[in-house]
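Report on the structure given below.
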Amino acid sequence: QLQLVESGGGLVEPGGSLRLSCTASGFTLGHYAVGWFRQAPGKEREGVLCISGSEGSTYYADSVKGRFTFSRDNAKNTVYLQMNSLRPSDTAVYYCAATSQYPSSYVQAMCAHAPSHEYWGQGIQVTVSS
């Protein structure tokens, strides 16, 4: 059974940091394209960061550039989203997702269309508030 499980969310003050983890089971995450998405109340799910493959291009949404970074630990079958300088506007449920690798030139388009990713975690709440 293919599964993604997020962890690391919670409540943080503005300006603080969190690191989300996404661990896969049933498949090798390093062989897939990965995306981090988020959905705030009343808003559509938006792509935060996507990478087209194990050595592919990375796309960052403008709202998180310079603050969020992606990393992976293949030995742990886990990817991470490091979130720094958090703002109240970052408050949302965060999801990791995976799909088959695709050409690097498509990374922005794939990130803009959440249903393009086949496998999803259950989501984890991140709340930025004082």
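Convention: chains lettered A, B, ... in structure tokens order; per-chain residue numbering from 1; ligands numbered from 1 as shown.
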
Problem - Residues near A:Thr28, cut-off 10 Å, only C-alpha atoms, skip fewer than 2 positions along chain, as an MDAnalysis selection string - result: chainID A and resid 2 23:26 30:32 74:78

Exercise for the section: Pick out each residue of stretch 7-129 of chain A that DSSP on the backbone tags as strand (DSSP E or B); I need them as a PyMOL selection string. Expected result: chain A and resi 7+10-12+18-25+32-39+46-51+58-60+68-73+78-83+92-100+119-120+124-128

Near stretch 113-128 of chain A, 6 Å: stretch 3-74 of chain A residue rows, closest pairs, only C-alpha atoms, as JSON lines:
```
{"residue": "A:Leu4", "atom": "CA", "partner": "A:Gly121", "partner_atom": "CA", "distance": 4.5}
{"residue": "A:Val5", "atom": "CA", "partner": "A:Gly121", "partner_atom": "CA", "distance": 5.2}
{"residue": "A:Gly9", "atom": "CA", "partner": "A:Val126", "partner_atom": "CA", "distance": 5.1}
{"residue": "A:Gly10", "atom": "CA", "partner": "A:Val126", "partner_atom": "CA", "distance": 5.0}
{"residue": "A:Leu11", "atom": "CA", "partner": "A:Thr127", "partner_atom": "CA", "distance": 4.7}
{"residue": "A:Val12", "atom": "CA", "partner": "A:Val128", "partner_atom": "CA", "distance": 5.0}
{"residue": "A:Glu13", "atom": "CA", "partner": "A:Val128", "partner_atom": "CA", "distance": 5.4}
{"residue": "A:Pro14", "atom": "CA", "partner": "A:Val128", "partner_atom": "CA", "distance": 5.7}
```

Problem - Near-stretch 36-41 of chain A list (9 Å; only C-alpha atoms; drop same-chain fewer than 3 positions) as a PyMOL selection string - result: chain A and resi 44-50+81+89-98+111+114+123

For the selection you just gave me, I'd like the residues written to a file as a tab-separated table (two decimals), in the first residue's frame, keeping all heavy atoms.
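Result saved to selection-v2.tsv:
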```tsv
chain	number	residue	atom	x	y	z
A	44	GLU	N	-8.43	27.58	-2.22
A	44	GLU	CA	-8.05	26.40	-2.98
A	44	GLU	C	-6.68	25.90	-2.53
A	44	GLU	O	-5.87	26.66	-1.99
A	44	GLU	CB	-8.03	26.71	-4.47
A	44	GLU	CG	-9.39	27.00	-5.07
A	44	GLU	CD	-9.33	27.14	-6.57
A	44	GLU	OE1	-8.23	27.09	-7.14
A	44	GLU	OE2	-10.40	27.28	-7.18
A	45	ARG	N	-6.44	24.64	-2.78
A	45	ARG	CA	-5.13	24.07	-2.50
A	45	ARG	C	-4.11	24.67	-3.46
A	45	ARG	O	-4.34	24.73	-4.67
A	45	ARG	CB	-5.18	22.55	-2.64
A	45	ARG	CG	-3.98	21.84	-2.07
A	45	ARG	CD	-4.22	20.34	-1.99
A	45	ARG	NE	-5.32	20.02	-1.08
A	45	ARG	CZ	-5.63	18.77	-0.73
A	45	ARG	NH1	-4.94	17.74	-1.19
A	45	ARG	NH2	-6.65	18.55	0.09
A	46	GLU	N	-3.00	25.12	-2.92
A	46	GLU	CA	-1.99	25.76	-3.75
A	46	GLU	C	-0.65	25.04	-3.61
A	46	GLU	O	-0.30	24.54	-2.54
A	46	GLU	CB	-1.83	27.24	-3.38
A	46	GLU	CG	-1.30	27.49	-1.99
A	46	GLU	CD	-0.88	28.94	-1.76
A	46	GLU	OE1	-0.62	29.65	-2.73
A	46	GLU	OE2	-0.80	29.32	-0.57
A	47	GLY	N	0.09	25.04	-4.69
A	47	GLY	CA	1.43	24.46	-4.67
A	47	GLY	C	2.42	25.41	-4.02
A	47	GLY	O	2.50	26.57	-4.40
A	48	VAL	N	3.14	24.93	-3.06
A	48	VAL	CA	4.15	25.71	-2.35
A	48	VAL	C	5.53	25.48	-2.96
A	48	VAL	O	6.28	26.42	-3.21
A	48	VAL	CB	4.16	25.33	-0.86
A	48	VAL	CG1	5.32	25.99	-0.14
A	48	VAL	CG2	2.84	25.68	-0.21
A	49	LEU	N	5.83	24.22	-3.21
A	49	LEU	CA	7.15	23.84	-3.69
A	49	LEU	C	7.00	22.49	-4.39
A	49	LEU	O	6.36	21.58	-3.86
A	49	LEU	CB	8.09	23.71	-2.48
A	49	LEU	CG	9.54	23.31	-2.67
A	49	LEU	CD1	10.32	23.72	-1.43
A	49	LEU	CD2	9.70	21.81	-2.86
A	50	CYS	N	7.57	22.38	-5.55
A	50	CYS	CA	7.53	21.12	-6.28
A	50	CYS	C	8.89	20.83	-6.88
A	50	CYS	O	9.61	21.75	-7.29
A	50	CYS	CB	6.48	21.16	-7.40
A	50	CYS	SG	4.79	21.26	-6.79
A	81	LEU	N	10.24	19.89	4.37
A	81	LEU	CA	9.97	21.27	4.00
A	81	LEU	C	10.39	22.13	5.19
A	81	LEU	O	9.73	22.11	6.25
A	81	LEU	CB	8.49	21.48	3.69
A	81	LEU	CG	8.09	22.90	3.31
A	81	LEU	CD1	8.73	23.29	1.98
A	81	LEU	CD2	6.57	23.04	3.23
A	89	SER	N	0.02	34.44	7.27
A	89	SER	CA	-0.54	34.02	5.98
A	89	SER	C	-0.07	32.63	5.56
A	89	SER	O	-0.60	32.06	4.59
A	89	SER	CB	-0.16	35.02	4.89
A	89	SER	OG	1.25	35.16	4.81
A	90	ASP	N	0.91	32.05	6.27
A	90	ASP	CA	1.34	30.68	5.99
A	90	ASP	C	0.46	29.65	6.69
A	90	ASP	O	0.63	28.45	6.48
A	90	ASP	CB	2.79	30.48	6.43
A	90	ASP	CG	3.78	31.31	5.64
A	90	ASP	OD1	3.65	31.37	4.40
A	90	ASP	OD2	4.69	31.90	6.27
A	91	THR	N	-0.46	30.11	7.51
A	91	THR	CA	-1.35	29.20	8.22
A	91	THR	C	-2.20	28.41	7.24
A	91	THR	O	-2.89	28.99	6.39
A	91	THR	CB	-2.26	29.98	9.19
A	91	THR	OG1	-1.44	30.60	10.20
A	91	THR	CG2	-3.27	29.07	9.85
A	92	ALA	N	-2.15	27.10	7.34
A	92	ALA	CA	-2.86	26.22	6.41
A	92	ALA	C	-2.64	24.78	6.82
A	92	ALA	O	-1.81	24.48	7.69
A	92	ALA	CB	-2.36	26.43	4.99
A	93	VAL	N	-3.38	23.90	6.18
A	93	VAL	CA	-3.06	22.47	6.24
A	93	VAL	C	-2.08	22.20	5.11
A	93	VAL	O	-2.34	22.56	3.95
A	93	VAL	CB	-4.33	21.61	6.09
A	93	VAL	CG1	-3.94	20.12	6.06
A	93	VAL	CG2	-5.29	21.89	7.24
A	94	TYR	N	-0.98	21.58	5.46
A	94	TYR	CA	0.08	21.29	4.49
A	94	TYR	C	0.04	19.81	4.11
A	94	TYR	O	-0.10	18.94	4.97
A	94	TYR	CB	1.44	21.65	5.07
A	94	TYR	CG	1.71	23.14	5.05
A	94	TYR	CD1	1.03	24.00	5.91
A	94	TYR	CD2	2.61	23.70	4.15
A	94	TYR	CE1	1.25	25.37	5.89
A	94	TYR	CE2	2.84	25.06	4.11
A	94	TYR	CZ	2.15	25.89	4.98
A	94	TYR	OH	2.37	27.25	4.94
A	95	TYR	N	0.20	19.58	2.81
A	95	TYR	CA	0.17	18.22	2.28
A	95	TYR	C	1.45	17.96	1.49
A	95	TYR	O	1.92	18.83	0.76
A	95	TYR	CB	-0.99	18.04	1.32
A	95	TYR	CG	-2.36	18.27	1.92
A	95	TYR	CD1	-2.91	19.55	1.97
A	95	TYR	CD2	-3.12	17.21	2.40
A	95	TYR	CE1	-4.18	19.77	2.49
A	95	TYR	CE2	-4.38	17.40	2.92
A	95	TYR	CZ	-4.90	18.68	2.96
A	95	TYR	OH	-6.17	18.88	3.48
A	96	CYS	N	1.96	16.76	1.61
A	96	CYS	CA	2.97	16.35	0.64
A	96	CYS	C	2.30	15.43	-0.37
A	96	CYS	O	1.29	14.77	-0.07
A	96	CYS	CB	4.18	15.68	1.30
A	96	CYS	SG	3.89	14.06	1.99
A	97	ALA	N	2.85	15.42	-1.55
A	97	ALA	CA	2.28	14.64	-2.63
A	97	ALA	C	3.39	14.12	-3.52
A	97	ALA	O	4.49	14.67	-3.55
A	97	ALA	CB	1.31	15.50	-3.45
A	98	ALA	N	3.10	13.06	-4.24
A	98	ALA	CA	4.09	12.47	-5.13
A	98	ALA	C	3.40	12.01	-6.41
A	98	ALA	O	2.21	11.69	-6.42
A	98	ALA	CB	4.78	11.28	-4.46
A	111	CYS	N	2.95	22.18	-10.41
A	111	CYS	CA	2.74	22.71	-9.06
A	111	CYS	C	1.46	23.54	-8.99
A	111	CYS	O	0.85	23.65	-7.92
A	111	CYS	CB	3.95	23.53	-8.62
A	111	CYS	SG	4.39	23.33	-6.87
A	114	ALA	N	-2.89	20.97	-8.47
A	114	ALA	CA	-2.73	19.95	-7.43
A	114	ALA	C	-3.14	18.54	-7.88
A	114	ALA	O	-2.44	17.57	-7.56
A	114	ALA	CB	-3.51	20.34	-6.18
A	123	GLY	N	-2.27	15.30	5.36
A	123	GLY	CA	-2.24	16.72	5.70
A	123	GLY	C	-1.90	16.96	7.15
A	123	GLY	O	-2.18	16.11	8.02
```

Handout entry: Which of chain A DSSP labels alpha helix (DSSP H), written as a PyMOL selection string
Key = chain A and resi 107-112
